[in-house]
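A.B. asks: What follows is run.csv, CSV, C-alpha atoms and all ligand atoms.
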chain,number,residue,atom,x,y,z
M,1,MET,CA,-74.5,-33.7,-17.4
M,2,ARG,CA,-77.2,-34.0,-14.8
M,3,PHE,CA,-78.9,-37.2,-13.8
M,4,ILE,CA,-82.1,-37.4,-11.9
M,5,ASP,CA,-81.8,-39.8,-9.0
M,6,LYS,CA,-85.1,-41.2,-7.9
M,7,THR,CA,-85.3,-41.3,-4.1
M,8,ILE,CA,-86.5,-44.7,-2.9
M,9,LEU,CA,-89.1,-44.4,-0.2
M,10,PRO,CA,-89.3,-47.1,2.5
M,11,GLY,CA,-92.8,-47.9,1.2
M,12,ASP,CA,-91.7,-48.6,-2.4
M,13,ILE,CA,-92.6,-52.2,-3.1
M,14,THR,CA,-91.6,-54.0,-6.3
M,15,PRO,CA,-94.8,-55.1,-8.1
M,16,GLN,CA,-94.7,-58.8,-8.5
M,17,ALA,CA,-95.3,-58.7,-12.3
M,18,VAL,CA,-92.4,-56.3,-12.8
M,19,PHE,CA,-90.2,-58.5,-10.7
M,20,GLU,CA,-91.2,-61.6,-12.7
M,21,ASN,CA,-90.5,-60.0,-16.0
M,22,ARG,CA,-87.1,-58.9,-14.9
M,23,ARG,CA,-86.4,-62.4,-13.7
M,24,ASN,CA,-87.3,-63.7,-17.1
M,25,LEU,CA,-85.0,-61.2,-18.7
M,26,ILE,CA,-82.2,-62.4,-16.4
M,27,LYS,CA,-82.9,-66.0,-17.4
M,28,ALA,CA,-82.7,-65.0,-21.1
M,29,ALA,CA,-79.5,-63.1,-20.3
M,30,ALA,CA,-77.9,-66.1,-18.7
M,31,ALA,CA,-78.7,-68.1,-21.8
M,32,GLY,CA,-77.0,-65.4,-23.8
M,33,SER,CA,-74.0,-63.4,-23.0
M,34,PHE,CA,-74.8,-60.0,-21.5
M,35,GLY,CA,-74.8,-61.4,-17.9
M,36,MET,CA,-72.5,-59.0,-16.0
M,37,ALA,CA,-74.1,-55.9,-17.5
M,38,LEU,CA,-77.4,-56.5,-15.9
M,39,ALA,CA,-76.4,-55.7,-12.4
M,40,PRO,CA,-76.8,-51.8,-12.5
M,41,TRP,CA,-80.4,-51.8,-13.7
M,42,PHE,CA,-81.5,-54.7,-11.5
M,43,SER,CA,-82.0,-52.3,-8.7
M,44,ARG,CA,-84.9,-50.9,-6.7
M,45,GLU,CA,-84.3,-47.5,-8.3
M,46,ALA,CA,-85.0,-48.8,-11.8
M,47,LEU,CA,-87.8,-51.0,-10.6
M,48,ALA,CA,-89.6,-48.1,-9.0
M,49,ALA,CA,-89.3,-45.8,-11.9
M,50,ASN,CA,-92.0,-47.0,-14.2
M,51,PRO,CA,-93.7,-50.1,-13.0
M,52,GLU,CA,-96.3,-50.8,-15.7
M,53,LYS,CA,-95.4,-54.2,-17.3
M,54,LEU,CA,-95.5,-55.3,-20.9
M,55,SER,CA,-95.4,-59.0,-21.6
M,56,ALA,CA,-92.8,-59.3,-24.2
M,57,VAL,CA,-90.8,-62.4,-25.2
M,58,LEU,CA,-87.1,-61.9,-25.9
M,59,ASN,CA,-86.4,-62.5,-29.5
M,60,GLN,CA,-83.1,-64.4,-29.5
M,61,ALA,CA,-82.4,-63.2,-33.1
M,62,TYR,CA,-81.9,-59.7,-31.7
M,63,ALA,CA,-80.1,-60.5,-28.4
M,64,SER,CA,-77.0,-58.3,-28.8
M,65,LYS,CA,-73.8,-59.5,-27.1
M,66,ASP,CA,-73.1,-56.0,-25.9
M,67,GLY,CA,-73.8,-55.2,-22.3
M,68,LEU,CA,-77.1,-53.4,-21.7
M,69,THR,CA,-77.1,-49.6,-20.9
M,70,PRO,CA,-78.4,-49.3,-17.4
M,71,TYR,CA,-82.1,-48.2,-17.2
M,72,LYS,CA,-81.1,-45.1,-15.3
M,73,TYR,CA,-79.2,-43.7,-18.3
M,74,VAL,CA,-81.7,-44.9,-20.9
M,75,THR,CA,-84.4,-42.9,-19.1
M,76,THR,CA,-82.4,-39.8,-18.0
M,77,TYR,CA,-80.1,-39.0,-20.9
M,78,ASN,CA,-82.5,-38.2,-23.7
M,79,ASN,CA,-83.2,-36.2,-26.8
M,80,PHE,CA,-86.8,-35.1,-26.9
M,81,TYR,CA,-86.8,-31.5,-28.0
M,82,GLU,CA,-90.5,-31.0,-27.3
M,83,PHE,CA,-89.4,-31.0,-23.6
M,84,GLY,CA,-86.2,-29.0,-23.9
M,85,THR,CA,-82.8,-29.4,-25.5
M,86,ASP,CA,-80.8,-30.4,-22.4
M,87,LYS,CA,-80.3,-34.2,-22.1
M,88,ALA,CA,-81.9,-34.1,-18.6
M,89,ASP,CA,-84.9,-32.0,-19.7
M,90,PRO,CA,-87.1,-34.8,-21.0
M,91,ALA,CA,-86.9,-36.8,-17.7
M,92,GLU,CA,-87.7,-33.7,-15.8
M,93,TYR,CA,-90.5,-32.2,-17.9
M,94,ALA,CA,-92.2,-35.0,-19.9
M,95,HIS,CA,-94.5,-35.9,-17.0
M,96,THR,CA,-97.0,-33.4,-18.5
M,97,LEU,CA,-97.4,-35.6,-21.6
M,98,GLN,CA,-100.9,-37.2,-21.6
M,99,THR,CA,-100.5,-40.7,-23.1
M,100,ARG,CA,-104.2,-41.7,-22.7
M,101,PRO,CA,-106.5,-41.3,-24.6
M,102,TRP,CA,-104.1,-41.5,-27.6
M,103,THR,CA,-105.0,-42.2,-31.2
M,104,ILE,CA,-102.7,-42.7,-34.2
M,105,SER,CA,-104.0,-41.9,-37.7
M,106,ILE,CA,-102.8,-44.0,-40.6
M,107,GLU,CA,-103.5,-42.2,-43.8
M,108,GLY,CA,-102.4,-41.2,-47.3
M,109,LEU,CA,-101.8,-43.8,-50.1
M,110,VAL,CA,-103.4,-46.8,-48.4
M,111,LYS,CA,-106.5,-48.9,-49.2
M,112,LYS,CA,-107.6,-49.0,-45.6
M,113,PRO,CA,-106.9,-45.7,-43.8
M,114,VAL,CA,-107.7,-46.0,-40.1
M,115,THR,CA,-107.5,-44.2,-36.8
M,116,LEU,CA,-106.4,-46.6,-34.1
M,117,ASP,CA,-106.7,-46.3,-30.4
M,118,ILE,CA,-103.3,-46.9,-28.7
M,119,ASP,CA,-104.8,-49.9,-26.8
M,120,ALA,CA,-105.9,-51.5,-30.0
M,121,LEU,CA,-102.5,-50.9,-31.6
M,122,LEU,CA,-100.8,-52.5,-28.6
M,123,LYS,CA,-102.8,-55.7,-29.3
M,124,LEU,CA,-102.3,-55.8,-33.0
M,125,ALA,CA,-99.4,-58.3,-32.9
M,126,PRO,CA,-97.4,-60.2,-30.2
M,127,MET,CA,-94.9,-58.1,-28.3
M,128,GLU,CA,-91.3,-59.0,-28.7
M,129,GLU,CA,-88.3,-57.7,-26.8
M,130,ARG,CA,-85.2,-56.9,-28.9
M,131,ILE,CA,-81.9,-55.7,-27.8
M,132,TYR,CA,-80.7,-53.0,-30.2
M,133,ARG,CA,-77.5,-50.9,-30.3
M,134,MET,CA,-78.5,-47.3,-30.8
M,135,ARG,CA,-76.1,-44.7,-32.2
M,136,CYS,CA,-76.8,-41.0,-31.8
M,137,VAL,CA,-75.5,-38.6,-34.5
M,138,GLU,CA,-73.8,-36.7,-31.6
M,139,GLY,CA,-71.3,-39.6,-31.1
M,140,TRP,CA,-72.7,-41.5,-28.2
M,141,SER,CA,-74.4,-44.9,-28.1
M,142,MET,CA,-76.5,-47.1,-25.9
M,143,VAL,CA,-77.7,-50.8,-25.9
M,144,ILE,CA,-81.4,-50.9,-25.1
M,145,PRO,CA,-84.0,-53.8,-24.8
M,146,TRP,CA,-87.0,-52.4,-26.7
M,147,ASP,CA,-90.5,-53.9,-26.6
M,148,GLY,CA,-92.7,-53.8,-29.7
M,149,TYR,CA,-93.3,-55.5,-33.0
M,150,SER,CA,-92.2,-55.0,-36.6
M,151,LEU,CA,-93.9,-52.0,-38.1
M,152,SER,CA,-94.6,-54.2,-41.2
M,153,LYS,CA,-97.3,-55.9,-39.2
M,154,LEU,CA,-99.3,-52.6,-39.0
M,155,ILE,CA,-98.4,-51.6,-42.6
M,156,ASN,CA,-99.8,-54.9,-44.0
M,157,GLN,CA,-103.1,-54.2,-42.3
M,158,VAL,CA,-103.7,-50.9,-44.1
M,159,GLU,CA,-102.7,-52.2,-47.5
M,160,PRO,CA,-100.5,-49.5,-49.1
M,161,LEU,CA,-101.2,-48.6,-52.7
M,162,GLY,CA,-98.6,-49.3,-55.4
M,163,SER,CA,-98.0,-45.6,-55.6
M,164,ALA,CA,-96.9,-45.4,-51.9
M,165,LYS,CA,-93.1,-45.0,-52.0
M,166,TYR,CA,-92.4,-43.4,-48.6
M,167,VAL,CA,-93.8,-43.3,-45.1
M,168,GLU,CA,-93.9,-40.2,-42.9
M,169,PHE,CA,-94.0,-40.2,-39.1
M,170,ILE,CA,-95.5,-37.2,-37.3
M,171,SER,CA,-95.1,-36.7,-33.6
M,172,LEU,CA,-97.5,-34.9,-31.3
M,173,ALA,CA,-97.1,-31.1,-31.1
M,174,ASP,CA,-99.2,-29.7,-28.2
M,175,LYS,CA,-98.0,-26.5,-26.6
M,176,VAL,CA,-100.0,-27.2,-23.5
M,177,GLN,CA,-98.2,-30.5,-22.8
M,178,MET,CA,-94.9,-29.8,-24.4
M,179,PRO,CA,-93.0,-26.8,-23.0
M,180,GLY,CA,-90.1,-27.2,-25.6
M,181,LEU,CA,-92.5,-26.1,-28.4
M,182,LYS,CA,-91.9,-22.5,-27.2
M,183,SER,CA,-88.5,-22.8,-28.8
M,184,LYS,CA,-88.4,-22.5,-32.6
M,185,ILE,CA,-85.4,-24.7,-33.1
M,186,ILE,CA,-87.6,-27.2,-35.0
M,187,ASP,CA,-90.5,-26.4,-37.3
M,188,TRP,CA,-93.0,-28.4,-35.2
M,189,PRO,CA,-94.4,-31.1,-35.3
M,190,TYR,CA,-91.3,-33.3,-35.4
M,191,ARG,CA,-91.4,-35.3,-38.6
M,192,GLU,CA,-89.4,-38.2,-39.9
M,193,GLY,CA,-89.6,-40.4,-42.9
M,194,LEU,CA,-88.5,-43.7,-44.4
M,195,ARG,CA,-88.5,-45.3,-47.8
M,196,MET,CA,-91.2,-48.0,-48.1
M,197,ASP,CA,-88.6,-50.9,-48.0
M,198,GLU,CA,-87.0,-49.4,-44.9
M,199,ALA,CA,-90.3,-49.2,-43.2
M,200,MET,CA,-91.1,-52.8,-44.1
M,201,ASN,CA,-87.7,-54.1,-43.0
M,202,PRO,CA,-88.2,-56.6,-40.1
M,203,LEU,CA,-85.7,-54.6,-38.0
M,204,THR,CA,-88.0,-51.5,-38.0
M,205,LEU,CA,-89.7,-51.8,-34.6
M,206,LEU,CA,-93.0,-50.1,-33.7
M,207,THR,CA,-92.1,-49.6,-30.0
M,208,PHE,CA,-94.3,-49.4,-26.9
M,209,GLY,CA,-91.8,-50.2,-24.1
M,210,LEU,CA,-88.3,-50.8,-22.9
M,211,TYR,CA,-86.9,-53.1,-20.3
M,212,GLY,CA,-90.2,-54.9,-20.3
M,213,GLU,CA,-92.1,-51.9,-19.1
M,214,VAL,CA,-94.3,-49.3,-21.0
M,215,LEU,CA,-92.2,-46.5,-22.5
M,216,PRO,CA,-91.3,-43.8,-20.0
M,217,LYS,CA,-92.7,-40.5,-21.3
M,218,GLN,CA,-89.2,-39.2,-21.9
M,219,ASN,CA,-88.5,-42.1,-24.3
M,220,GLY,CA,-91.5,-41.3,-26.5
M,221,ALA,CA,-94.6,-42.8,-24.9
M,222,PRO,CA,-97.0,-44.2,-25.8
M,223,VAL,CA,-95.6,-45.3,-29.2
M,224,ARG,CA,-92.4,-44.5,-31.3
M,225,ILE,CA,-90.3,-46.2,-33.9
M,226,VAL,CA,-86.9,-47.6,-33.4
M,227,LEU,CA,-84.4,-47.9,-36.3
M,228,PRO,CA,-81.1,-49.4,-35.0
M,229,TRP,CA,-79.1,-48.9,-38.2
M,230,LYS,CA,-79.9,-45.2,-38.5
M,231,TYR,CA,-78.8,-42.3,-36.3
M,232,GLY,CA,-81.1,-41.9,-33.3
M,233,PHE,CA,-83.0,-38.8,-34.7
M,234,LYS,CA,-84.7,-41.0,-37.3
M,235,SER,CA,-86.5,-42.8,-34.5
M,236,ALA,CA,-89.5,-40.5,-34.0
M,237,LYS,CA,-91.2,-40.4,-30.6
M,238,SER,CA,-94.8,-40.0,-29.5
M,239,ILE,CA,-96.3,-40.6,-32.9
M,240,VAL,CA,-99.8,-39.5,-33.8
M,241,LYS,CA,-99.8,-39.9,-37.6
M,242,ILE,CA,-98.3,-42.2,-40.1
M,243,ARG,CA,-98.8,-41.1,-43.7
M,244,PHE,CA,-98.0,-43.0,-46.9
M,245,THR,CA,-96.7,-40.7,-49.8
M,246,GLU,CA,-95.4,-40.8,-53.3
M,247,GLU,CA,-92.8,-38.0,-52.7
M,248,MET,CA,-90.0,-38.2,-50.2
M,249,PRO,CA,-91.3,-36.4,-47.1
M,250,LYS,CA,-89.5,-33.4,-45.6
M,251,THR,CA,-88.0,-34.3,-42.3
M,252,SER,CA,-87.3,-32.0,-39.3
M,253,TRP,CA,-83.6,-32.3,-39.2
M,254,SER,CA,-83.0,-32.1,-42.9
M,255,GLN,CA,-85.2,-29.0,-42.9
M,256,PHE,CA,-83.1,-27.6,-40.0
M,257,ASP,CA,-79.9,-28.1,-42.0
M,258,ALA,CA,-79.9,-30.3,-45.1
M,259,ARG,CA,-76.1,-30.2,-45.3
M,260,GLU,CA,-75.7,-31.8,-41.9
M,261,TYR,CA,-78.7,-34.2,-41.8
M,262,GLY,CA,-79.8,-36.2,-44.8
M,263,PHE,CA,-83.0,-38.2,-45.4
M,264,TYR,CA,-81.3,-41.6,-45.0
M,265,SER,CA,-79.0,-40.9,-42.1
M,266,ASN,CA,-77.7,-44.5,-42.0
M,267,VAL,CA,-74.9,-45.0,-39.4
M,268,ASN,CA,-71.8,-44.8,-41.5
M,269,PRO,CA,-68.3,-44.4,-39.9
M,270,GLN,CA,-66.9,-43.4,-43.3
M,271,VAL,CA,-69.1,-40.3,-43.8
M,272,ASP,CA,-68.3,-37.6,-41.3
M,273,HIS,CA,-70.8,-35.1,-40.1
M,274,PRO,CA,-69.6,-31.7,-41.5
M,275,ARG,CA,-68.5,-30.7,-38.0
M,276,TRP,CA,-67.2,-33.9,-36.5
M,277,SER,CA,-66.0,-37.5,-37.3
M,278,GLN,CA,-68.5,-40.4,-37.1
M,279,ALA,CA,-65.8,-43.1,-36.9
M,280,MET,CA,-65.9,-43.6,-33.1
M,281,GLU,CA,-68.6,-43.6,-30.4
M,282,ARG,CA,-68.8,-43.4,-26.6
M,283,ARG,CA,-71.0,-45.9,-24.8
M,284,ILE,CA,-73.2,-44.1,-22.3
M,285,GLY,CA,-73.2,-45.6,-18.8
M,286,ASP,CA,-69.8,-47.4,-19.1
M,287,PRO,CA,-68.6,-47.8,-15.5
M,288,LYS,CA,-65.3,-46.2,-16.5
M,289,GLY,CA,-67.1,-43.0,-17.3
M,290,VAL,CA,-65.1,-40.4,-19.2
M,291,PHE,CA,-62.1,-42.8,-19.0
M,292,ALA,CA,-63.9,-45.5,-21.0
M,293,PRO,CA,-62.1,-46.1,-24.3
M,294,LYS,CA,-64.1,-45.0,-27.3
M,295,ILE,CA,-65.3,-47.8,-29.6
M,296,LYS,CA,-65.3,-48.1,-33.4
M,297,THR,CA,-68.6,-47.3,-35.0
M,298,GLN,CA,-69.7,-50.1,-37.4
M,299,MET,CA,-71.2,-49.7,-40.8
M,300,PHE,CA,-75.0,-49.6,-40.5
M,301,ASN,CA,-74.3,-49.7,-36.7
M,302,GLY,CA,-73.5,-53.5,-37.1
M,303,TYR,CA,-76.8,-54.3,-38.9
M,304,ALA,CA,-75.3,-54.5,-42.5
M,305,GLU,CA,-76.4,-58.1,-42.9
M,306,GLN,CA,-80.1,-57.1,-42.4
M,307,VAL,CA,-80.1,-53.8,-44.3
M,308,ALA,CA,-77.1,-53.3,-46.7
M,309,SER,CA,-79.0,-54.8,-49.6
M,310,MET,CA,-81.5,-52.0,-49.5
M,311,TYR,CA,-78.8,-49.5,-50.4
M,312,ALA,CA,-76.9,-51.6,-53.0
M,313,GLY,CA,-75.5,-49.4,-55.8
M,314,MET,CA,-76.3,-46.1,-53.9
M,315,ASP,CA,-73.5,-43.6,-53.3
M,316,LEU,CA,-73.8,-43.4,-49.5
M,317,LYS,CA,-71.6,-40.2,-49.5
M,318,LYS,CA,-74.2,-38.5,-51.6
M,319,PHE,CA,-77.2,-40.1,-50.0
M,320,TYR,CA,-76.2,-39.6,-46.3
M,401,LIG,N1,-88.6,-37.6,-31.6
M,401,LIG,C1,-89.2,-36.4,-31.3
M,401,LIG,N2,-90.6,-36.3,-31.5
M,401,LIG,N3,-88.5,-35.4,-30.8
M,401,LIG,C2,-87.2,-35.4,-30.7
M,401,LIG,O1,-86.6,-34.4,-30.2
M,401,LIG,N4,-85.2,-36.8,-30.8
M,401,LIG,C3,-84.5,-37.9,-31.6
M,401,LIG,C4,-85.3,-39.2,-31.5
M,401,LIG,N5,-86.7,-39.0,-31.7
M,401,LIG,C5,-86.5,-36.7,-31.0
M,401,LIG,C6,-87.3,-37.8,-31.4
M,401,LIG,C7,-83.1,-38.1,-31.2
M,401,LIG,S1,-82.0,-36.8,-31.7
M,401,LIG,C8,-82.7,-39.2,-30.6
M,401,LIG,S2,-81.0,-39.5,-30.4
M,401,LIG,C9,-83.6,-40.2,-30.1
M,401,LIG,O2,-85.0,-39.8,-30.3
M,401,LIG,C10,-83.4,-40.4,-28.6
M,401,LIG,O3,-84.2,-41.4,-28.1
M,401,LIG,P1,-84.1,-41.8,-26.6
M,401,LIG,O4,-84.1,-40.6,-25.8
M,401,LIG,O5,-85.2,-42.8,-26.3
M,401,LIG,O6,-82.7,-42.5,-26.4
Show me this structure written as structure tokens.
Ligand code: MTE

C.D. replies:
Amino acid sequence: MRFIDKTILPGDITPQAVFENRRNLIKAAAAGSFGMALAPWFSREALAANPEKLSAVLNQAYASKDGLTPYKYVTTYNNFYEFGTDKADPAEYAHTLQTRPWTISIEGLVKKPVTLDIDALLKLAPMEERIYRMRCVEGWSMVIPWDGYSLSKLINQVEPLGSAKYVEFISLADKVQMPGLKSKIIDWPYREGLRMDEAMNPLTLLTFGLYGEVLPKQNGAPVRIVLPWKYGFKSAKSIVKIRFTEEMPKTSWSQFDAREYGFYSNVNPQVDHPRWSQAMERRIGDPKGVFAPKIKTQMFNGYAEQVASMYAGMDLKKFY
């Protein structure tokens, strides 16, 4: 595992806005319970990495009690195959991604299809900060403060037709900007999908930032979705198209291997991946490193209260 350590130059000055935002987060943290975990990311290194601030207010309903994963790990241990398959590749190569101008086209079975400029999308609803546990299908997890608003706010604007049963998310695929596209591991562009009720669930976050700053490119700038009750690969990055469909859309990973990756991909410790167990997970960035004890994975990643009713009566071994 390689991590990129940003060298701090003597001239690096913390922008006041960024500092203020972090101070607000610390205040919120003191009111909550993740106090001690803040120290590692409250560093000059993290502050210098991506200084463009987003003004987001911490939503206490989603203030996880788990300690936050330090910014350094959130932004250097990534899966973004468009920039390579090594965890360190996205942080190293995603600088070639052009995030302005950027438009996102909302199309398919809606009354009001629209192409929105990213800056208009940013202003569509008030920005919230939510601390979500994230569980990757590979067995590791992180706890990340994401900034965005519920995807439902955008969906309501375009007025889906009654025939719209699913929503498809399509990521940018541009060979010039994305060196990983040379590899045929995925049938590009990267695609993901949700059932309509999943897309409308208040937990589903249209995400523009993390740690109160605009998304680093390696984390899917300028806009991605975040679905904390599903394995990480459902959270498509750098989205350029959202399409409403009647049929269940094909998704990149289920096309890659349908036996290993299903459409739903809800975090479920009782349904093993064909090649490994999903019962336990390893928290990235734990100060004890490889000696850190593994923790039990929770059903729906601990979000059963908010999402279990959407799957009532479904055989989750069959619909994995
Ligand atoms: N989106 C695109 N476009 N390409 C990808 O390779 N990887 C997925 C998901 N979204 C991926 C993607 C996987 S496997 C994971 S675990 C998460 O992004 C990782 O998000 P993070 O790097 O911000 O933690």

A.B. asks: Give the residues close to ligand LIG 401 (chain M), within 6 Å, counting all atoms listed in the file; write them as a PyMOL selection string.

C.D. replies: chain M and resi 78-82+136+171+190+219+232-233+235-238

A.B. asks: Find the residue from M:Pro228, M:Gly84, M:Trp253, M:Lys318 that sits nearest to Met299 in chain M; use all atoms listed in the file when measuring.

C.D. replies: M:Pro228

A.B. asks: Would you mind listing what lies within 10 Å of Asp174 in chain M as a list in words, with only C-alpha atoms counted and same-chain residues fewer than 3 positions away left out?

C.D. replies: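 These residues fall inside the cut-off: Glu82, Leu97, Ser171, Gln177, Met178, Pro179, Gly180, Leu181, Trp188 and Pro189 of chain M.
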
A.B. asks: Which residues, protein or nucleic acid, reach to within 9 Å of (-109.4, -43.5, -23.9) in the file's coordinates when using all atoms listed in the file, and can you give that as a list in words?

C.D. replies: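 All residues meeting the 9 Å criterion around (-109.4, -43.5, -23.9) are Arg100, Pro101, Trp102, Thr103, Asp117, Ile118 and Asp119 of chain M.
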
A.B. asks: So how many Å separate CA of Met127 in chain M and CA of Asp147 in chain M, to one decimal?

C.D. replies: 6.3 Å

A.B. asks: Any idea what's packed within 6 Å of Thr76 in chain M, counting all atoms listed in the file, ignoring anything in its chain fewer than 2 positions away? Could you give it as a list in words?

C.D. replies: Tyr73, Val74, Asn78, Ala88 and Ala91 of chain M

A.B. asks: Between M:Gln306, M:Gln298, M:Gln218, M:Thr115, which one has atoms that come closest to Ile242 in chain M, using all atoms listed in the file?

C.D. replies: M:Thr115

A.B. asks: Which residue gives the smallest distance to Glu128 in chain M among M:Tyr264, M:Tyr166, M:Tyr231, M:Trp146, with only C-alpha atoms counted?

C.D. replies: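 Among the listed residues, M:Trp146 lies closest to Glu128 in chain M.
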
A.B. asks: Any idea what's packed within 8 Å of Ala199 in chain M, counting only C-alpha atoms, ignoring anything in its chain fewer than 4 positions away? Could you give it as a list in words?

C.D. replies: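 Near neighbours after the sequence-gap exclusion: Leu151, Ser152, Val167, Leu194, Arg195 and Thr204 of chain M.
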
A.B. asks: Please, can range 78-100 of chain M be completed to N, CA and C atoms and returned as a short mmCIF file (atom, residue, chain, number, x, y, z; two decimals), in the coordinates of the input?

C.D. replies:
data_model
loop_
_atom_site.label_atom_id
_atom_site.label_comp_id
_atom_site.auth_asym_id
_atom_site.auth_seq_id
_atom_site.Cartn_x
_atom_site.Cartn_y
_atom_site.Cartn_z
N ASN M 78 -81.62 -38.11 -22.55
CA ASN M 78 -82.50 -38.20 -23.70
C ASN M 78 -82.49 -37.00 -24.61
N ASN M 79 -82.87 -37.24 -25.84
CA ASN M 79 -83.20 -36.20 -26.80
C ASN M 79 -84.68 -36.22 -27.06
N PHE M 80 -85.39 -35.19 -26.66
CA PHE M 80 -86.80 -35.10 -26.90
C PHE M 80 -87.10 -33.60 -26.84
N TYR M 81 -86.83 -32.92 -27.97
CA TYR M 81 -86.80 -31.50 -28.00
C TYR M 81 -88.10 -30.81 -27.59
N GLU M 82 -89.20 -31.55 -27.71
CA GLU M 82 -90.50 -31.00 -27.30
C GLU M 82 -90.50 -30.70 -25.79
N PHE M 83 -89.52 -31.25 -25.07
CA PHE M 83 -89.40 -31.00 -23.60
C PHE M 83 -88.14 -30.31 -23.24
N GLY M 84 -87.44 -29.74 -24.22
CA GLY M 84 -86.20 -29.00 -23.90
C GLY M 84 -85.01 -29.64 -24.62
N THR M 85 -83.93 -28.89 -24.71
CA THR M 85 -82.80 -29.40 -25.50
C THR M 85 -81.67 -29.96 -24.60
N ASP M 86 -81.77 -29.82 -23.29
CA ASP M 86 -80.80 -30.40 -22.40
C ASP M 86 -81.10 -31.92 -22.28
N LYS M 87 -80.06 -32.73 -22.17
CA LYS M 87 -80.30 -34.20 -22.10
C LYS M 87 -81.15 -34.57 -20.87
N ALA M 88 -81.10 -33.76 -19.81
CA ALA M 88 -81.90 -34.10 -18.60
C ALA M 88 -83.30 -33.54 -18.66
N ASP M 89 -83.59 -32.65 -19.62
CA ASP M 89 -84.90 -32.00 -19.70
C ASP M 89 -86.07 -33.00 -19.85
N PRO M 90 -85.98 -33.96 -20.79
CA PRO M 90 -87.10 -34.80 -21.00
C PRO M 90 -87.54 -35.58 -19.70
N ALA M 91 -86.56 -36.10 -18.96
CA ALA M 91 -86.90 -36.80 -17.70
C ALA M 91 -87.55 -35.90 -16.71
N GLU M 92 -87.15 -34.64 -16.76
CA GLU M 92 -87.70 -33.70 -15.80
C GLU M 92 -89.05 -33.15 -16.15
N TYR M 93 -89.28 -32.94 -17.44
CA TYR M 93 -90.50 -32.20 -17.90
C TYR M 93 -91.56 -33.06 -18.58
N ALA M 94 -91.21 -34.27 -19.01
CA ALA M 94 -92.20 -35.00 -19.90
C ALA M 94 -93.37 -35.55 -19.07
N HIS M 95 -93.38 -35.36 -17.75
CA HIS M 95 -94.50 -35.90 -17.00
C HIS M 95 -95.84 -35.20 -17.40
N THR M 96 -95.76 -34.06 -18.09
CA THR M 96 -97.00 -33.40 -18.50
C THR M 96 -97.60 -34.01 -19.77
N LEU M 97 -96.89 -34.93 -20.39
CA LEU M 97 -97.40 -35.60 -21.60
C LEU M 97 -98.56 -36.54 -21.19
N GLN M 98 -99.70 -36.38 -21.88
CA GLN M 98 -100.90 -37.20 -21.60
C GLN M 98 -100.85 -38.39 -22.61
N THR M 99 -100.65 -39.60 -22.17
CA THR M 99 -100.50 -40.70 -23.10
C THR M 99 -101.83 -41.51 -23.28
N ARG M 100 -102.88 -41.13 -22.52
CA ARG M 100 -104.20 -41.70 -22.70
C ARG M 100 -105.23 -40.57 -22.57
#
